[in-house]
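J.: Pasting in a structure now, in structure tokens, and then I'll have a few things to ask.
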Amino acid sequence: MGSAADFTGRWTSSGKSIDILWFPLPKRFEAAVIEWIQALKDLELIEEDAFFPDNIWLKHRPKVSSLNRKPVPVMSTKHAVSEAFGIACRESGVKYTPHSAKRCIGTERDERPLTQLERKAWSENMGHENEQITERHYGKLADERRFKVLEHIGTNVGGALLGFTERDIFALGNMVVEFMRNR
């Protein structure tokens, strides 16, 4: 396995299961995912098995190398993920939760110059039925960020309009070309 970007998997929460692709997030997150995937491989788990195995299964692991076995079940409680987050950040001085991770993914979506279709795909990859759910729960701006955005509205002209970077302008140009091509 080269990178977490190669990762596809089955994510389950609250009794629902969806196929997901790795989000295009910063590299520091990728290392943690790669370590987890390797830990699952070391336990001889395969693609059909849960990405977050049930805690009871982890404690009392039966032999998994059998070819005709049932898939390893997904955790039956969210507590295990919350506990894992607590352990992972206990020395950082900051408390992170599974919800704060989803908030980070939602914020990252809003920081990128995405097309409407890309935003929809991003939301569905988060397990949301539609983009409005992502927006309602994870699209909130912190006051500091909101004030910074508001301060820049209308203050820049030309290429730097609204604080767009050269990369943003290039991406916008690509979207216009793509739109014109598909007309």
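As shown in the structure tokens, the chain order sets the letters A, B, ...; within each chain, residues go from 1, and ligands are also counted from 1 in the order they appear.
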Counting only C-alpha atoms, which residues of range 53-169 of chain A sit at most 10 Å from some atom of range 21-30 of chain A, and what is each one's closest atom pair with its distance in Å to one decimal, listed by chain and rising residue number, as a Markdown table?

T.:
| residue | atom | partner | partner_atom | distance |
| --- | --- | --- | --- | --- |
| A:Cys104 | CA | A:Leu25 | CA | 9.6 |
| A:Ile105 | CA | A:Leu25 | CA | 7.8 |
| A:Glu108 | CA | A:Leu25 | CA | 7.6 |
| A:Arg109 | CA | A:Leu25 | CA | 9.4 |
| A:Trp122 | CA | A:Phe23 | CA | 7.8 |
| A:Asn125 | CA | A:Leu21 | CA | 7.0 |
| A:Met126 | CA | A:Phe23 | CA | 9.0 |
